[in-house]
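What follows is the content of protein-v1.cif (mmCIF, C-alpha atoms).
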```cif
data_model
loop_
_atom_site.label_atom_id
_atom_site.label_comp_id
_atom_site.auth_asym_id
_atom_site.auth_seq_id
_atom_site.Cartn_x
_atom_site.Cartn_y
_atom_site.Cartn_z
CA VAL U 1 102.47 131.05 84.64
CA ILE U 2 101.03 132.13 87.95
CA SER U 3 103.21 133.08 90.87
CA ASN U 4 103.04 135.11 94.05
CA SER U 5 105.84 137.33 92.73
CA GLU U 6 103.38 139.16 90.40
CA THR U 7 102.16 142.64 91.30
CA GLU U 8 98.81 142.81 93.08
CA CYS U 9 97.13 144.45 90.08
CA SER U 10 98.37 141.83 87.62
CA ILE U 11 97.52 139.02 90.09
CA ASP U 12 93.88 140.15 90.25
CA SER U 13 93.51 140.28 86.48
CA LEU U 14 95.37 136.97 86.08
CA LEU U 15 93.13 135.24 88.65
CA ARG U 16 90.02 136.64 86.91
CA PHE U 17 91.34 135.36 83.60
CA LEU U 18 92.09 131.90 85.04
CA ASN U 19 88.69 131.68 86.73
CA ASN U 20 87.05 132.23 83.34
CA THR U 21 89.22 129.93 81.23
CA LYS U 22 88.82 126.48 82.74
CA ASN U 23 88.06 125.02 79.30
CA LEU U 24 91.27 126.45 77.83
CA PHE U 25 93.26 124.83 80.62
CA ASN U 26 91.48 121.53 80.03
CA VAL U 27 92.32 121.66 76.31
CA ALA U 28 95.94 122.52 77.05
CA VAL U 29 96.57 119.62 79.44
CA THR U 30 94.56 116.96 77.61
CA ARG U 31 96.21 117.34 74.20
CA ALA U 32 99.64 116.04 75.24
CA ARG U 33 100.43 112.66 73.68
CA ALA U 34 103.82 111.47 74.89
CA ALA U 35 104.54 113.85 77.74
CA LEU U 36 103.27 116.92 79.51
CA ILE U 37 105.74 119.23 81.18
CA VAL U 38 104.27 121.86 83.47
CA VAL U 39 106.34 124.73 84.84
CA GLY U 40 105.01 126.88 87.64
CA ASN U 41 104.72 127.56 91.32
CA LYS U 42 102.92 124.45 92.63
CA LYS U 43 102.34 125.83 96.10
CA TYR U 44 100.87 129.09 94.84
CA CYS U 45 98.66 127.34 92.27
CA LYS U 46 97.31 125.10 95.00
CA GLU U 47 96.51 128.08 97.22
CA ALA U 48 95.30 130.54 94.55
CA GLY U 49 91.65 129.64 95.11
CA ILE U 50 91.09 128.34 91.59
CA ASP U 51 89.38 124.97 91.92
CA TYR U 52 90.70 123.30 88.76
CA LEU U 53 94.28 124.38 89.46
CA THR U 54 94.07 122.94 92.98
CA LYS U 55 92.72 119.66 91.56
CA PHE U 56 95.46 119.60 88.94
CA VAL U 57 98.20 120.11 91.53
CA ASN U 58 96.70 117.34 93.69
CA HIS U 59 96.68 115.04 90.66
CA CYS U 60 100.33 115.88 89.95
CA GLU U 61 101.27 115.12 93.55
CA ILE U 62 99.56 111.70 93.40
CA THR U 63 101.31 110.95 90.10
CA GLU U 64 104.64 112.02 91.59
CA ALA U 65 104.07 109.77 94.63
CA ASN U 66 103.37 106.82 92.29
CA ARG U 67 106.54 107.59 90.31
CA LYS U 68 108.59 107.64 93.51
CA THR U 69 107.05 104.31 94.50
CA LEU U 70 108.20 102.88 91.18
CA ILE U 71 111.72 104.17 91.75
CA ASN U 72 111.77 102.72 95.28
CA ILE U 73 110.71 99.30 94.03
CA GLY U 74 114.09 98.96 92.38
CA ASN U 75 115.29 97.49 89.11
CA ASN U 76 115.60 93.83 90.18
CA ASP U 77 111.88 93.18 89.66
CA VAL U 78 111.56 94.91 86.29
CA LYS U 79 112.49 91.79 84.32
CA ARG U 80 109.45 89.92 85.67
CA PHE U 81 107.03 92.49 84.30
CA GLU U 82 106.21 93.76 80.84
CA SER U 83 105.63 97.30 82.15
CA LYS U 84 106.26 99.47 85.17
CA TRP U 85 102.47 99.69 85.65
CA GLU U 86 102.16 95.92 86.07
CA MET U 87 104.97 96.11 88.59
CA LEU U 88 103.33 98.98 90.47
CA LEU U 89 99.99 97.15 90.68
CA SER U 90 101.64 93.88 91.73
CA LYS U 91 103.66 95.56 94.48
CA ALA U 92 100.62 97.50 95.73
CA LEU U 93 98.60 94.27 95.86
CA GLU U 94 101.47 92.58 97.67
CA LYS U 95 101.34 95.29 100.35
CA GLU U 96 97.67 94.33 100.82
CA GLY U 97 98.67 90.67 101.23
CA ILE U 98 97.54 89.70 97.72
CA ILE U 99 100.23 87.77 95.85
CA THR U 100 100.11 87.59 92.07
CA GLN U 101 102.23 85.78 89.50
CA SER U 102 103.50 87.85 86.62
CA GLN U 103 103.69 86.65 83.01
CA TYR U 104 101.82 83.44 83.83
CA THR U 105 101.22 81.33 80.71
CA VAL U 106 97.80 79.93 79.76
CA ASP U 107 97.82 78.21 76.37
CA MET U 108 99.10 80.77 73.86
CA TYR U 109 98.67 83.75 76.20
CA ARG U 110 100.91 85.35 78.81
CA LEU U 111 98.89 86.99 81.56
CA ASP U 112 100.14 90.29 82.96
CA LEU U 113 99.24 89.13 86.47
CA ALA U 114 97.60 85.89 87.58
CA LEU U 115 95.78 85.65 90.90
CA PHE U 116 94.70 82.36 92.44
CA ASN U 117 92.07 82.42 95.18
CA GLY U 118 91.12 78.87 96.14
CA ASN U 119 89.70 77.32 92.99
CA SER U 120 89.08 80.72 91.39
CA LYS U 121 91.52 82.26 88.93
CA LEU U 122 91.79 85.89 87.87
CA ASP U 123 93.67 87.23 84.85
CA ILE U 124 94.61 90.85 85.61
CA GLU U 125 95.53 92.80 82.48
CA VAL U 126 97.13 96.24 82.46
CA ASP U 127 96.31 97.85 79.14
CA GLY U 128 98.10 100.79 77.60
CA GLU U 129 96.48 102.55 74.66
CA TYR U 130 99.52 101.94 72.46
CA TYR U 131 99.05 98.16 72.49
CA HIS U 132 95.32 97.85 73.14
CA LYS U 133 93.66 100.49 71.02
CA SER U 134 93.60 101.00 67.30
CA TRP U 135 91.58 103.22 65.03
CA ASN U 136 89.89 100.26 63.38
CA GLY U 137 89.14 98.41 66.64
CA GLU U 138 91.18 95.33 65.72
CA LEU U 139 93.21 95.26 68.94
CA CYS U 140 90.08 95.65 71.11
CA TYR U 141 88.54 92.76 69.16
CA ARG U 142 91.62 90.62 69.86
CA ASP U 143 91.32 91.48 73.57
CA GLN U 144 87.68 90.34 73.47
CA LEU U 145 88.67 87.05 71.83
CA ARG U 146 91.36 86.56 74.43
CA ASN U 147 88.88 87.27 77.24
CA GLU U 148 86.46 84.70 75.80
CA HIS U 149 89.25 82.11 75.62
CA MET U 150 90.19 82.80 79.24
CA PHE U 151 86.53 82.49 80.31
CA SER U 152 86.33 79.11 78.54
CA LYS U 153 89.36 77.98 80.57
CA GLY U 154 87.68 78.93 83.86
CA TRP U 155 89.38 82.28 84.37
CA ASP U 156 87.84 85.62 85.22
CA VAL U 157 89.41 88.69 83.62
CA LYS U 158 89.85 92.20 84.99
CA ARG U 159 91.36 94.85 82.74
CA PHE U 160 92.72 98.18 83.93
CA TRP U 161 93.96 101.00 81.77
CA VAL U 162 97.39 102.36 82.65
CA TYR U 163 95.83 105.72 83.53
CA GLN U 164 93.56 103.99 86.08
CA ILE U 165 96.60 102.56 87.85
CA GLN U 166 98.38 105.88 87.62
CA ASP U 167 95.47 108.05 88.74
CA ASP U 168 93.45 105.80 91.05
CA LEU U 169 95.47 102.83 92.26
CA PRO U 170 93.24 102.34 95.36
CA TYR U 171 90.22 101.84 93.06
CA CYS U 172 92.07 99.11 91.11
CA ILE U 173 93.10 97.34 94.30
CA ASN U 174 89.54 97.59 95.63
CA GLN U 175 88.19 96.00 92.43
CA ILE U 176 90.51 93.02 92.93
CA LYS U 177 89.60 92.76 96.62
CA GLN U 178 85.92 92.75 95.67
CA TRP U 179 86.56 89.93 93.21
CA MET U 180 88.33 87.97 95.96
CA LEU U 181 85.39 88.45 98.34
CA THR U 182 82.92 87.09 95.80
CA HIS U 183 85.22 84.20 94.85
CA SER U 184 86.39 82.88 98.23
#
```

Whole structure given in structure tokens:
Amino acid sequence: VISNSETECSIDSLLRFLNNTKNLFNVAVTRARAALIVVGNKKYCKEAGIDYLTKFVNHCEITEANRKTLINIGNNDVKRFESKWEMLLSKALEKEGIITQSQYTVDMYRLDLALFNGNSKLDIEVDGEYYHKSWNGELCYRDQLRNEHMFSKGWDVKRFWVYQIQDDLPYCINQIKQWMLTHS
């Protein structure tokens, strides 16, 4: 814990310690599996002059803004989507004037989001590690087979990991806009 209520002597030694232990911090925050709960003085951490703490606080603020966006969307739309991340991406695209259809069926597959742009069709998949990663690679292989099937039906496929939507939603939206520009 770092706070401005520490004595000046202990603050100096604490800041020296934190400046020299970036790797320890990285290990601590990247090992969480289901949840990470951080307790501390966000304002002081942001202003302490320790680069990685400032970046971490900025990341937390972006994540919090995304969570609030999800809450503001409301519960009426949740039934249309398999996950809150699909809903977040769909609503963000909608704000950009890009309308998608959720859970669109193509043969034996349900697409997370379908986008139609003239004669071009895009399957947008939002992948979480729980459903799309396995130690033996079987689920990734199934995703590849599905992609190939979609390609054979005239669809393009864009896949985003949940963490990409959570951490860099503008990048995801830009990728879809770029696809639209090359398929207009």

Open item on the list: I'd like to see the residues matched by the PyMOL selection byres ((chain U and resi 112) around 8) on this file, and ideally I'd get them as a ChimeraX atom specification.
Closed with: /U:81-82,86,102-104,110-111,113-114,123-126

TODO: For Lys42 (chain U), list every protein, DNA or RNA residue within 10 Å, evaluated using all atoms listed in the file, and leave out those in the same chain fewer than 2 positions away; present the list as a list in words.
DONE: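 My reading of the contact set: Ile2, Ser3, Val38, Val39, Gly40, Tyr44, Cys45, Lys46, Glu47, Ala48, Leu53, Thr54, Phe56, Val57, Asn58, Cys60 and Glu61 of chain U.
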
- [ ] For CA of Lys177 (chain U) and CA of Ala92 (chain U), determine how far apart the two atoms are, in Å to one decimal place.
- [x]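 Between these atoms lies a distance of 12.0 Å.
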
Task: Top pick for closest residue to Leu169 (chain U), considering U:Lys43, U:Lys91, U:Arg142, U:Arg31 and counting all atoms listed in the file - done: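 Counting all atoms listed in the file, the residue closest to Leu169 (chain U) is U:Lys91.
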
Open item on the list: Residues within 10 Å of Cys172 (chain U), please, as number ranges by chain. Count only C-alpha atoms; anything in the same chain fewer than 4 positions from it doesn't count.
Closed with: U: 89, 92-93, 158-161, 164-168, 176-178

Those residues you just picked out, can you put them in a file as a PDB file, in the frame of the given file with C-alpha atoms?
```
ATOM      1  CA  LEU U  89      99.990  97.150  90.680  1.00  0.00           C
ATOM      2  CA  ALA U  92     100.620  97.500  95.730  1.00  0.00           C
ATOM      3  CA  LEU U  93      98.600  94.270  95.860  1.00  0.00           C
ATOM      4  CA  LYS U 158      89.850  92.200  84.990  1.00  0.00           C
ATOM      5  CA  ARG U 159      91.360  94.850  82.740  1.00  0.00           C
ATOM      6  CA  PHE U 160      92.720  98.180  83.930  1.00  0.00           C
ATOM      7  CA  TRP U 161      93.960 101.000  81.770  1.00  0.00           C
ATOM      8  CA  GLN U 164      93.560 103.990  86.080  1.00  0.00           C
ATOM      9  CA  ILE U 165      96.600 102.560  87.850  1.00  0.00           C
ATOM     10  CA  GLN U 166      98.380 105.880  87.620  1.00  0.00           C
ATOM     11  CA  ASP U 167      95.470 108.050  88.740  1.00  0.00           C
ATOM     12  CA  ASP U 168      93.450 105.800  91.050  1.00  0.00           C
ATOM     13  CA  ILE U 176      90.510  93.020  92.930  1.00  0.00           C
ATOM     14  CA  LYS U 177      89.600  92.760  96.620  1.00  0.00           C
ATOM     15  CA  GLN U 178      85.920  92.750  95.670  1.00  0.00           C
TER      16      GLN U 178
END
```

Open item on the list: For Gly154 (chain U), find every residue with an atom within 12 Å (counting all atoms listed in the file), except residues of its own chain fewer than 4 positions away, and show them as JSON, numbers by chain.
Closed with: {"U": [106, 116, 119, 120, 121, 122, 123, 147, 148, 149, 150]}

Using the atoms already present, construct N, CA, C and O atoms for region 104-122 of chain U and hand them back as a compact mmCIF listing (two decimals), keeping the file's coordinate frame.
```
# COMPACT_ATOMS: atom_id res chain seq x y z
N TYR U 104 102.29 84.82 83.71
CA TYR U 104 101.82 83.44 83.83
C TYR U 104 101.26 82.99 82.47
O TYR U 104 100.51 83.72 81.84
N THR U 105 101.62 81.80 82.02
CA THR U 105 101.22 81.33 80.71
C THR U 105 99.97 80.45 80.79
O THR U 105 99.91 79.53 81.61
N VAL U 106 98.99 80.75 79.95
CA VAL U 106 97.80 79.93 79.76
C VAL U 106 97.65 79.75 78.25
O VAL U 106 97.38 80.71 77.53
N ASP U 107 97.86 78.51 77.80
CA ASP U 107 97.82 78.21 76.37
C ASP U 107 98.76 79.15 75.63
O ASP U 107 99.94 79.21 75.95
N MET U 108 98.23 79.90 74.65
CA MET U 108 99.10 80.77 73.86
C MET U 108 99.22 82.18 74.42
O MET U 108 99.81 83.04 73.80
N TYR U 109 98.68 82.41 75.62
CA TYR U 109 98.67 83.75 76.20
C TYR U 109 99.57 83.83 77.42
O TYR U 109 99.68 82.90 78.21
N ARG U 110 100.19 85.01 77.58
CA ARG U 110 100.91 85.35 78.81
C ARG U 110 100.07 86.38 79.54
O ARG U 110 99.75 87.42 78.98
N LEU U 111 99.71 86.08 80.77
CA LEU U 111 98.89 86.99 81.56
C LEU U 111 99.79 88.03 82.22
O LEU U 111 100.86 87.69 82.73
N ASP U 112 99.34 89.27 82.26
CA ASP U 112 100.14 90.29 82.96
C ASP U 112 100.32 89.87 84.42
O ASP U 112 101.44 89.81 84.92
N LEU U 113 99.21 89.61 85.09
CA LEU U 113 99.24 89.13 86.47
C LEU U 113 98.18 88.05 86.63
O LEU U 113 97.05 88.21 86.17
N ALA U 114 98.55 86.96 87.28
CA ALA U 114 97.60 85.89 87.58
C ALA U 114 97.38 85.85 89.08
O ALA U 114 98.33 85.94 89.86
N LEU U 115 96.12 85.72 89.48
CA LEU U 115 95.78 85.65 90.90
C LEU U 115 94.96 84.39 91.12
O LEU U 115 93.98 84.14 90.42
N PHE U 116 95.40 83.59 92.08
CA PHE U 116 94.70 82.36 92.44
C PHE U 116 94.09 82.55 93.82
O PHE U 116 94.78 82.94 94.76
N ASN U 117 92.79 82.27 93.93
CA ASN U 117 92.07 82.42 95.18
C ASN U 117 91.23 81.16 95.36
O ASN U 117 90.11 81.08 94.86
N GLY U 118 91.79 80.16 96.06
CA GLY U 118 91.12 78.87 96.14
C GLY U 118 91.06 78.25 94.76
O GLY U 118 92.07 78.14 94.08
N ASN U 119 89.87 77.88 94.33
CA ASN U 119 89.70 77.32 92.99
C ASN U 119 89.45 78.39 91.93
O ASN U 119 89.31 78.07 90.75
N SER U 120 89.35 79.63 92.33
CA SER U 120 89.08 80.72 91.39
C SER U 120 90.39 81.29 90.86
O SER U 120 91.39 81.36 91.57
N LYS U 121 90.33 81.73 89.60
CA LYS U 121 91.52 82.26 88.93
C LYS U 121 91.16 83.59 88.26
O LYS U 121 90.13 83.69 87.60
N LEU U 122 92.02 84.57 88.45
CA LEU U 122 91.79 85.89 87.87
C LEU U 122 92.98 86.30 87.01
O LEU U 122 94.12 86.29 87.47
```
